[in-house]
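Visitor: Contents of protein.cif (mmCIF, C-alpha atoms and all ligand atoms) are given next:
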data_data
loop_
_atom_site.label_atom_id
_atom_site.label_comp_id
_atom_site.auth_asym_id
_atom_site.auth_seq_id
_atom_site.Cartn_x
_atom_site.Cartn_y
_atom_site.Cartn_z
CA MET A 22 148.24 142.06 136.70
CA THR A 23 151.11 144.05 138.05
CA THR A 24 152.72 141.73 140.57
CA GLU A 25 156.46 141.13 140.26
CA LYS A 26 157.52 137.67 139.12
CA SER A 27 160.26 135.82 141.01
CA ASN A 28 163.62 135.22 139.32
CA LYS A 29 164.93 132.00 140.79
CA GLY A 30 168.52 130.84 140.17
CA GLU A 31 170.03 134.32 140.00
CA ASN A 32 172.40 136.04 142.41
CA PRO A 33 170.79 135.85 145.87
CA LEU A 34 171.93 139.40 146.63
CA ASP A 35 170.12 140.64 143.57
CA GLU A 36 167.13 138.63 144.69
CA GLY A 37 167.32 140.32 148.09
CA ARG A 38 167.30 143.72 146.47
CA ARG A 39 164.37 142.80 144.29
CA LYS A 40 162.38 141.63 147.27
CA PHE A 41 162.93 144.99 148.83
CA MET A 42 161.20 146.80 146.04
CA VAL A 43 157.72 148.11 146.29
CA GLY A 44 156.78 145.89 143.40
CA THR A 45 156.88 142.80 145.61
CA ALA A 46 154.26 144.15 147.94
CA ALA A 47 151.45 141.97 146.71
CA ALA A 48 153.55 138.82 147.15
CA ALA A 49 154.26 139.78 150.72
CA VAL A 50 150.57 140.34 151.35
CA GLY A 51 150.02 136.81 150.17
CA ALA A 52 152.62 135.59 152.67
CA GLY A 53 150.35 136.85 155.45
CA LEU A 54 152.61 139.41 157.08
CA THR A 55 150.87 141.27 159.87
CA THR A 56 151.49 144.62 161.49
CA GLY A 57 149.78 147.91 162.08
CA ILE A 58 151.04 151.32 161.02
CA ILE A 59 153.75 152.15 163.51
CA PRO A 60 153.07 155.35 165.44
CA ASN A 61 155.37 158.17 164.48
CA ALA A 62 158.28 158.18 166.91
CA PHE A 63 158.93 161.84 166.16
CA ALA A 64 155.35 162.96 166.72
CA GLY A 65 155.43 166.49 168.03
CA SER A 66 159.21 166.69 168.30
CA HIS A 67 159.64 168.79 165.17
CA LYS A 68 157.00 171.33 166.09
CA GLY A 69 159.32 174.01 167.34
CA THR A 70 161.08 172.29 170.19
CA GLN A 71 164.52 171.96 168.58
CA ASP A 72 167.21 174.60 168.61
CA LYS A 73 166.09 177.36 166.28
CA GLU A 74 169.14 176.99 164.11
CA PHE A 75 167.38 178.22 160.96
CA VAL A 76 166.09 181.57 162.27
CA GLY A 77 166.67 184.19 159.56
CA ARG A 78 166.89 181.51 156.87
CA SER A 79 164.33 180.67 154.23
CA ALA A 80 163.32 177.60 152.29
CA PHE A 81 161.52 176.86 149.02
CA VAL A 82 159.75 173.49 148.98
CA THR A 83 157.93 172.01 145.98
CA GLY A 84 154.98 169.66 146.37
CA ALA A 85 154.59 171.14 149.84
CA ALA A 86 150.81 171.24 150.30
CA ARG A 87 150.81 167.77 151.84
CA GLY A 88 152.80 164.58 152.40
CA ILE A 89 156.59 164.55 152.38
CA GLY A 90 156.93 168.08 151.00
CA TYR A 91 154.80 169.46 153.80
CA ALA A 92 156.80 167.44 156.35
CA CYS A 93 160.05 168.92 155.00
CA ALA A 94 158.58 172.43 155.27
CA GLU A 95 157.40 171.72 158.81
CA SER A 96 160.78 170.39 159.95
CA LEU A 97 162.54 173.46 158.54
CA ALA A 98 159.95 175.85 159.98
CA GLY A 99 160.18 174.12 163.35
CA ARG A 100 163.82 175.20 163.40
CA GLY A 101 162.90 178.79 162.53
CA ALA A 102 163.09 178.99 158.72
CA ASN A 103 160.61 181.07 156.74
CA ILE A 104 158.94 178.97 154.09
CA VAL A 105 157.69 179.17 150.51
CA LEU A 106 155.23 176.35 149.84
CA PHE A 107 154.98 175.69 146.10
CA ASP A 108 152.35 173.20 144.92
CA ILE A 109 150.08 172.57 141.97
CA ALA A 110 147.21 172.56 144.52
CA GLY A 111 144.73 171.39 141.91
CA GLN A 112 144.24 168.39 139.69
CA ILE A 113 146.35 167.63 136.63
CA LYS A 114 143.67 165.81 134.65
CA GLU A 115 146.04 163.14 133.32
CA VAL A 116 147.14 162.10 136.85
CA PRO A 117 144.88 159.18 137.87
CA TYR A 118 144.67 159.90 141.59
CA PRO A 119 143.91 163.09 143.54
CA LEU A 120 146.70 165.63 143.94
CA ALA A 121 146.66 168.25 146.69
CA THR A 122 143.86 170.81 146.69
CA ALA A 123 143.83 174.58 147.19
CA LYS A 124 142.47 173.89 150.68
CA ASP A 125 145.43 171.57 151.43
CA LEU A 126 147.77 174.40 150.46
CA ALA A 127 145.89 176.98 152.54
CA ASP A 128 145.83 174.61 155.54
CA ALA A 129 149.54 173.90 155.16
CA LYS A 130 150.28 177.64 155.20
CA LYS A 131 148.28 178.08 158.39
CA LYS A 132 150.07 175.18 160.10
CA ILE A 133 153.49 176.51 159.12
CA GLU A 134 152.59 180.01 160.35
CA SER A 135 151.47 178.52 163.66
CA LEU A 136 155.12 177.55 164.19
CA GLY A 137 155.97 181.26 164.42
CA VAL A 138 157.59 181.76 161.01
CA LYS A 139 156.53 183.55 157.82
CA CYS A 140 155.03 181.50 155.03
CA ILE A 141 154.16 182.21 151.40
CA ALA A 142 151.92 179.69 149.62
CA ILE A 143 152.16 179.65 145.83
CA LYS A 144 149.99 177.62 143.52
CA GLY A 145 152.28 176.60 140.69
CA ASP A 146 153.45 173.78 138.50
CA VAL A 147 157.05 172.52 138.65
CA ARG A 148 156.86 172.03 134.88
CA ASP A 149 156.90 175.84 134.66
CA GLY A 150 160.45 177.02 135.29
CA ASN A 151 159.46 180.68 135.13
CA ALA A 152 156.85 180.16 137.87
CA GLN A 153 159.47 178.52 140.08
CA ALA A 154 161.96 181.33 139.42
CA ALA A 155 159.34 183.96 140.26
CA ALA A 156 158.45 182.16 143.51
CA MET A 157 162.11 182.01 144.53
CA LYS A 158 162.59 185.70 143.69
CA ARG A 159 159.62 186.43 145.92
CA ALA A 160 161.30 184.47 148.75
CA VAL A 161 164.40 186.63 148.35
CA SER A 162 162.41 189.84 148.20
CA GLU A 163 160.20 189.04 151.22
CA PHE A 164 162.60 187.01 153.36
CA GLY A 165 165.90 188.59 152.32
CA ARG A 166 167.54 185.41 151.07
CA LEU A 167 166.97 181.83 149.94
CA ASP A 168 168.95 179.20 151.81
CA PHE A 169 167.25 175.84 151.28
CA VAL A 170 165.63 174.34 148.22
CA VAL A 171 163.73 171.08 148.54
CA ALA A 172 162.86 169.63 145.11
CA ASN A 173 160.17 167.22 146.21
CA ALA A 174 157.10 167.43 143.94
CA GLY A 175 156.40 164.20 142.11
CA ILE A 176 153.72 161.85 140.84
CA THR A 177 153.64 158.10 140.44
CA GLN A 178 152.43 155.62 137.86
CA ILE A 179 152.02 151.86 138.26
CA GLY A 180 152.04 149.18 135.59
CA PRO A 181 154.28 147.16 133.29
CA MET A 182 156.68 149.09 131.10
CA GLU A 183 154.77 148.44 127.88
CA ALA A 184 151.52 149.80 129.32
CA PHE A 185 152.48 153.46 129.24
CA SER A 186 151.50 155.73 126.38
CA GLU A 187 153.69 158.44 124.94
CA ALA A 188 151.59 161.03 126.81
CA GLU A 189 151.98 159.17 130.12
CA LEU A 190 155.74 158.90 129.65
CA SER A 191 155.99 162.61 128.99
CA LEU A 192 153.81 163.48 131.96
CA ILE A 193 155.91 161.70 134.59
CA ILE A 194 159.25 162.67 133.06
CA ASP A 195 158.13 166.30 132.78
CA ILE A 196 157.12 166.44 136.45
CA ASN A 197 159.51 164.08 138.26
CA LEU A 198 162.67 164.77 136.31
CA LYS A 199 162.34 167.94 134.24
CA GLY A 200 160.46 169.58 137.12
CA VAL A 201 163.43 168.98 139.43
CA ILE A 202 165.85 170.19 136.75
CA LYS A 203 163.80 173.39 136.49
CA THR A 204 163.91 173.81 140.27
CA VAL A 205 167.70 173.68 140.14
CA GLN A 206 167.83 176.01 137.14
CA ALA A 207 165.69 178.56 138.96
CA ALA A 208 167.68 178.32 142.21
CA THR A 209 171.16 178.34 140.71
CA PRO A 210 171.60 182.10 140.07
CA ILE A 211 170.37 182.94 143.57
CA LEU A 212 172.46 180.35 145.41
CA LYS A 213 175.54 181.16 143.32
CA SER A 214 175.28 184.86 144.07
CA GLN A 215 174.82 184.15 147.79
CA LYS A 216 177.74 181.72 147.72
CA ALA A 217 175.75 179.50 150.03
CA GLY A 218 172.81 177.15 149.89
CA ARG A 219 171.48 173.67 150.33
CA ILE A 220 169.53 171.64 147.82
CA VAL A 221 167.70 168.46 148.78
CA MET A 222 166.14 166.33 146.04
CA MET A 223 163.50 163.68 146.65
CA SER A 224 164.43 160.47 144.92
CA SER A 225 163.14 157.09 146.15
CA VAL A 226 164.15 153.56 146.95
CA THR A 227 163.14 152.92 143.34
CA GLY A 228 165.90 155.35 142.36
CA ARG A 229 168.34 152.79 143.78
CA THR A 230 166.82 149.60 142.40
CA GLY A 231 164.72 148.61 139.45
CA SER A 232 160.97 148.26 139.80
CA PRO A 233 158.86 146.26 137.35
CA ASN A 234 155.67 147.71 138.77
CA PHE A 235 156.88 151.31 138.77
CA PRO A 236 159.38 151.24 135.87
CA ILE A 237 159.02 154.76 134.52
CA TYR A 238 158.72 156.29 137.99
CA SER A 239 161.86 154.38 138.94
CA ALA A 240 163.72 155.72 135.91
CA THR A 241 162.82 159.30 136.84
CA LYS A 242 164.08 158.73 140.37
CA TRP A 243 167.39 157.32 139.08
CA GLY A 244 167.57 160.48 136.98
CA VAL A 245 167.12 162.61 140.09
CA ILE A 246 170.16 160.95 141.65
CA GLY A 247 172.23 161.70 138.56
CA LEU A 248 171.05 165.29 138.73
CA THR A 249 171.94 165.45 142.42
CA LYS A 250 175.51 164.48 141.68
CA SER A 251 175.91 166.85 138.73
CA THR A 252 174.41 169.70 140.74
CA ALA A 253 176.74 169.00 143.66
CA MET A 254 179.71 169.11 141.29
CA ALA A 255 178.57 172.23 139.46
CA LEU A 256 177.68 174.26 142.54
CA GLY A 257 180.21 172.99 145.07
CA LYS A 258 182.64 175.82 144.42
CA PHE A 259 179.85 178.24 145.32
CA ASN A 260 179.48 176.60 148.73
CA VAL A 261 176.21 174.98 147.73
CA THR A 262 175.55 171.38 148.72
CA CYS A 263 173.15 169.02 146.98
CA ASN A 264 172.01 165.63 148.25
CA ALA A 265 169.21 163.17 147.54
CA LEU A 266 166.86 161.33 149.88
CA CYS A 267 165.50 157.89 149.02
CA PRO A 268 162.59 156.90 151.24
CA THR A 269 161.05 153.45 151.01
CA LEU A 270 157.37 153.45 151.94
CA VAL A 271 155.94 156.60 153.44
CA HIS A 272 152.28 156.92 154.32
CA THR A 273 151.02 159.61 152.00
CA LYS A 274 148.36 159.87 149.31
CA LEU A 275 150.93 158.95 146.64
CA LEU A 276 150.43 155.25 147.34
CA ASP A 277 147.37 155.21 149.59
CA ASN A 278 144.81 155.79 146.85
CA ASP A 279 142.37 153.71 144.79
CA TYR A 280 144.47 153.87 141.62
CA ILE A 281 147.46 152.21 143.31
CA LEU A 282 145.56 149.86 145.64
CA SER A 283 143.51 148.44 142.78
CA ARG A 284 146.60 147.61 140.71
CA LEU A 285 149.02 146.09 143.23
CA ALA A 286 147.60 142.58 143.18
CA PRO A 287 146.12 140.66 140.27
CA GLY A 288 142.35 140.65 140.08
CA ARG A 289 141.62 142.33 143.41
CA LYS A 290 141.88 145.63 145.15
CA LEU A 291 144.01 145.69 148.31
CA THR A 292 143.10 147.63 151.40
CA PHE A 293 145.73 150.06 152.59
CA GLU A 294 146.15 147.88 155.68
CA GLN A 295 147.05 144.90 153.46
CA PHE A 296 149.57 147.05 151.63
CA ASN A 297 150.93 148.17 154.97
CA GLN A 298 151.35 144.56 156.06
CA ALA A 299 153.36 143.96 152.90
CA ALA A 300 155.47 147.04 153.62
CA LYS A 301 156.45 145.55 156.97
CA GLY A 302 158.13 142.75 155.04
CA ARG A 303 160.41 145.27 153.32
CA HIS A 304 161.78 146.74 156.55
CA ILE A 305 164.08 145.53 159.32
CA LEU A 306 162.77 148.01 161.87
CA PRO A 307 159.29 147.03 163.08
CA VAL A 308 157.40 149.35 160.74
CA GLY A 309 155.35 149.19 157.62
CA PHE A 310 154.59 152.53 156.02
CA PHE A 311 156.13 155.22 158.20
CA GLY A 312 155.34 158.89 158.75
CA ALA A 313 156.49 161.64 156.38
CA GLU A 314 158.02 163.38 159.43
CA HIS A 315 160.94 160.99 159.26
CA VAL A 316 161.78 162.28 155.78
CA GLY A 317 161.28 165.88 156.89
CA GLU A 318 163.78 165.42 159.69
CA ALA A 319 166.35 163.99 157.27
CA ALA A 320 165.86 166.96 154.94
CA ALA A 321 166.36 169.36 157.85
CA TYR A 322 169.59 167.58 158.74
CA LEU A 323 170.84 168.06 155.18
CA CYS A 324 170.19 171.79 155.60
CA SER A 325 171.89 171.99 159.00
CA GLU A 326 175.41 173.08 159.89
CA GLY A 327 176.09 169.51 160.93
CA SER A 328 175.92 168.34 157.33
CA ALA A 329 178.01 171.17 155.84
CA MET A 330 180.60 168.78 154.36
CA ILE A 331 178.08 166.34 152.89
CA SER A 332 177.36 166.86 149.19
CA GLY A 333 176.64 164.69 146.19
CA ASP A 334 175.41 161.97 148.51
CA VAL A 335 172.34 159.81 148.46
CA PHE A 336 170.63 158.82 151.71
CA ASP A 337 168.23 155.93 151.98
CA ILE A 338 165.47 156.25 154.54
CA GLY A 339 164.79 152.56 154.51
CA ALA A 340 163.78 151.58 158.05
CA GLY A 341 166.80 149.31 158.25
CA ALA A 342 166.33 147.62 154.89
CA ASN A 343 169.87 148.50 153.78
CA ALA A 344 171.22 146.15 156.43
CA GLN A 345 170.31 143.32 154.05
CA PHE A 346 172.60 144.62 151.32
CA PRO A 347 176.34 144.25 150.89
CA ALA A 348 178.40 147.25 152.04
N1 LIG B 401 155.26 158.18 149.64
C1 LIG B 401 156.29 157.39 149.41
O1 LIG B 401 156.32 156.22 149.82
C2 LIG B 401 157.49 157.94 148.68
C3 LIG B 401 158.66 157.15 148.68
C4 LIG B 401 159.78 157.62 148.01
C5 LIG B 401 159.76 158.85 147.37
N2 LIG B 401 158.61 159.60 147.38
C6 LIG B 401 158.65 160.89 146.68
O2 LIG B 401 158.37 161.93 147.59
C7 LIG B 401 157.82 163.04 146.90
C8 LIG B 401 156.55 163.49 147.62
O3 LIG B 401 155.61 162.43 147.54
P1 LIG B 401 154.46 162.19 148.61
O4 LIG B 401 154.57 160.77 149.02
O5 LIG B 401 154.46 163.25 149.62
O6 LIG B 401 153.20 162.29 147.63
P2 LIG B 401 151.94 163.26 147.62
O7 LIG B 401 151.16 162.90 146.40
O8 LIG B 401 151.22 163.22 148.92
O9 LIG B 401 152.60 164.69 147.47
C9 LIG B 401 153.08 165.17 146.24
C10 LIG B 401 152.78 166.66 146.19
O10 LIG B 401 153.30 167.17 144.96
C11 LIG B 401 152.29 167.99 144.35
N3 LIG B 401 152.52 168.01 142.91
C12 LIG B 401 152.32 167.00 142.04
N4 LIG B 401 152.60 167.40 140.80
C13 LIG B 401 153.01 168.69 140.88
C14 LIG B 401 153.43 169.64 139.93
N5 LIG B 401 153.49 169.36 138.61
N6 LIG B 401 153.79 170.86 140.36
C15 LIG B 401 153.72 171.19 141.68
N7 LIG B 401 153.31 170.32 142.62
C16 LIG B 401 152.96 169.08 142.22
C17 LIG B 401 150.98 167.38 144.77
O11 LIG B 401 149.90 168.28 144.68
C18 LIG B 401 151.28 166.93 146.20
O12 LIG B 401 151.00 167.96 147.12
C19 LIG B 401 157.57 162.57 145.47
O13 LIG B 401 158.64 163.03 144.65
C20 LIG B 401 157.61 161.07 145.58
O14 LIG B 401 158.00 160.46 144.39
C21 LIG B 401 157.49 159.17 148.03
#
Will you turn the file into structure tokens for me?

Guide:
Amino acid sequence: MTTEKSNKGENPLDEGRRKFMVGTAAAAVGAGLTTGIIPNAFAGSHKGTQDKEFVGRSAFVTGAARGIGYACAESLAGRGANIVLFDIAGQIKEVPYPLATAKDLADAKKKIESLGVKCIAIKGDVRDGNAQAAAMKRAVSEFGRLDFVVANAGITQIGPMEAFSEAELSLIIDINLKGVIKTVQAATPILKSQKAGRIVMMSSVTGRTGSPNFPIYSATKWGVIGLTKSTAMALGKFNVTCNALCPTLVHTKLLDNDYILSRLAPGRKLTFEQFNQAAKGRHILPVGFFGAEHVGEAAAYLCSEGSAMISGDVFDIGAGANAQFPA
């Protein structure tokens, strides 16, 4: 049983925040919310039709074989950037749902190349700092420079805090937090020497709130925000910005899988459509789970000239949900 319990009699604002969390999804399903997956409003718009403001630039994106990482790569490539896709592209046996495959990575490379840019696909683990450093060096050697670093790779785990073993704790902290630290460590010498660069880290709405259903995941995502701020402070004088993105519910295989769907509600497995109906209850805009493209576009903005003076900031991609919170 992993459903969040209500906490009546406490601050209603805190209650509002709690309701927003993914952990309340099963309760919202019970309330009978109905909607379909909203079509992606950006569909097609990021496929090379914008100004090519990133021509001659290059980007390194982790967890880029599919989902949000791929969408970030596609938004940057659509603006002309050459891309390094870095992904485990194989199963980590302790992760209880399927990660991207070698075919996903190969397909992603083909799709990025079809946008008219160069693309290098590297099978690697973010827990390996040396592998990340080598991949970034390759970007510099083949593309001439490294401008954008998107630290996106991550896994999730669902369940009450006390359910997680020592090995499970290490696994998610090693990937979601230490993996991002290693991305920054690998990028720092390059970006410092260039005296320019943009780093975007993928946190989550659960990096802004607590989450009884995703407590360890949430803690790693809070950690990513702390790292974002420290990185922005450490690298600011080298003209490097660092910001974090916090999406709510994005339709990827992170949450649309049997492991998650069978643990959201007590005693029964949800369909993804039921989960999506619950997601609608979290948002003010008329959407449930939304497309990863929306996150990709936000990442591209944080790499653009328009965001040059934004650093150390944290951006929610919440489909309007922040409107419920105090300023
Ligand atoms: N989907 C959501 O609703 C959502 C919301 C907020 C934040 N996020 C975050 O966005 C990021 C991307 O998630 P997604 O939804 O696209 O999930 P996803 O599972 O579709 O993609 C994650 C990618 O990371 C790769 N990966 C996992 N472990 C790796 C490792 N050790 N080394 C290299 N690559 C690895 C996977 O193979 C996969 O391609 C994650 O950090 C996730 O926590 C997702």

Visitor: To check your reading of the model: which residues sit at most 8 Å from ligand LIG 401 (chain B) when counting all atoms listed in the file? Write the answer as a ChimeraX atom specification.

Guide: /A:83-91,107-113,119-122,125-126,144-148,172-177,196-197,200,223-227,238,242,266-276,310,313

Visitor: Which residues come within 10 Å of A:Ile305, counting only C-alpha atoms, excluding same-chain residues fewer than 6 positions away, as a PyMOL selection string?

Guide: chain A and resi 339-345

Visitor: Taking all atoms listed in the file into account, which of A:Ala94, A:Pro117, A:Ile179, A:Lys290 comes nearest A:Lys132?

Guide: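 Answer, going by the shortest atom-to-atom distance: A:Ala94.
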
Visitor: Interatomic distance between atom CA of A:Ile193 and atom CA of A:Gly333?

Guide: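 If I compute the distance from atom CA of A:Ile193 to atom CA of A:Gly333, I get 23.9 Å.
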
Visitor: Would you please work out which residue, of A:Ser186, A:Asn264, A:Ile220, A:Gln178, is nearest to A:Pro233 when using all atoms listed in the file?

Guide: A:Gln178

Visitor: Using all atoms listed in the file, pick whichever of A:Pro210, A:Pro307, A:Pro236, A:Gly317 has the shortest atom-to-atom distance to A:Val161.

Guide: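 Of the candidates, the smallest distance to A:Val161 is held by A:Pro210.
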
Visitor: Between A:Cys140, A:Pro181, A:Thr230, A:Val82, which residue has the minimum interatomic distance to A:Asp128, considering only C-alpha atoms?

Guide: A:Cys140

Visitor: Quote the spacing between atom CA of A:Asp168 and atom CA of A:Ala80 in Å to one decimal place.

Guide: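 Result for atom CA of A:Asp168 versus atom CA of A:Ala80: 5.9 Å, one decimal.
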
Visitor: Using only C-alpha atoms for the distances, tell me which of A:Met254, A:Leu198, A:Ile281, A:Ala240 is nearest to A:Met182.

Guide: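 Answer, going by the shortest atom-to-atom distance: A:Ala240.
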
Visitor: Just want the 8 Å neighbourhood of stretch 322-327 of chain A, counted on all atoms listed in the file, with same-chain residues fewer than 4 positions away dropped. Output as JSON, numbers by chain.

Guide: {"A": [74, 75, 169, 219, 220, 221, 264, 318, 331]}

Visitor: Atom CA of A:Gly137 and atom CA of A:Ser214, how far apart in Å?

Guide: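 Distance between the two atoms: 28.3 Å.
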
Visitor: Give me the residues near A:Ala255 as a PDB file with C-alpha atoms, in the frame of the given file, where near means some atom within 12 Å (using all atoms listed in the file) and where sequence neighbours in that chain fewer than 6 positions away do not count.

Guide:
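Result written to out.pdb:
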ATOM      1  CA  VAL A 205     167.700 173.680 140.140  1.00  0.00           C
ATOM      2  CA  GLN A 206     167.830 176.010 137.140  1.00  0.00           C
ATOM      3  CA  THR A 209     171.160 178.340 140.710  1.00  0.00           C
ATOM      4  CA  LEU A 212     172.460 180.350 145.410  1.00  0.00           C
ATOM      5  CA  LYS A 213     175.540 181.160 143.320  1.00  0.00           C
ATOM      6  CA  LEU A 248     171.050 165.290 138.730  1.00  0.00           C
ATOM      7  CA  THR A 249     171.940 165.450 142.420  1.00  0.00           C
ATOM      8  CA  VAL A 261     176.210 174.980 147.730  1.00  0.00           C
ATOM      9  CA  THR A 262     175.550 171.380 148.720  1.00  0.00           C
ATOM     10  CA  CYS A 263     173.150 169.020 146.980  1.00  0.00           C
ATOM     11  CA  SER A 332     177.360 166.860 149.190  1.00  0.00           C
ATOM     12  CA  GLY A 333     176.640 164.690 146.190  1.00  0.00           C
TER      13      GLY A 333
END

Visitor: Edge lengths and centre in Å to one decimal, as JSON, of the axis-aligned box that encloses all listed atoms of stretch 127-135 of chain A with 4 Å added on every side?

Guide:
{"center_x": 149.7, "center_y": 177.0, "center_z": 158.1, "size_x": 15.7, "size_y": 14.1, "size_z": 19.1}

Visitor: Restricting the calculation to all atoms listed in the file, which member of A:Gly165, A:Val335, A:Arg303, A:Asn260 is positioned closest to A:Val245?

Guide: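 The closest residue to A:Val245 is A:Val335.
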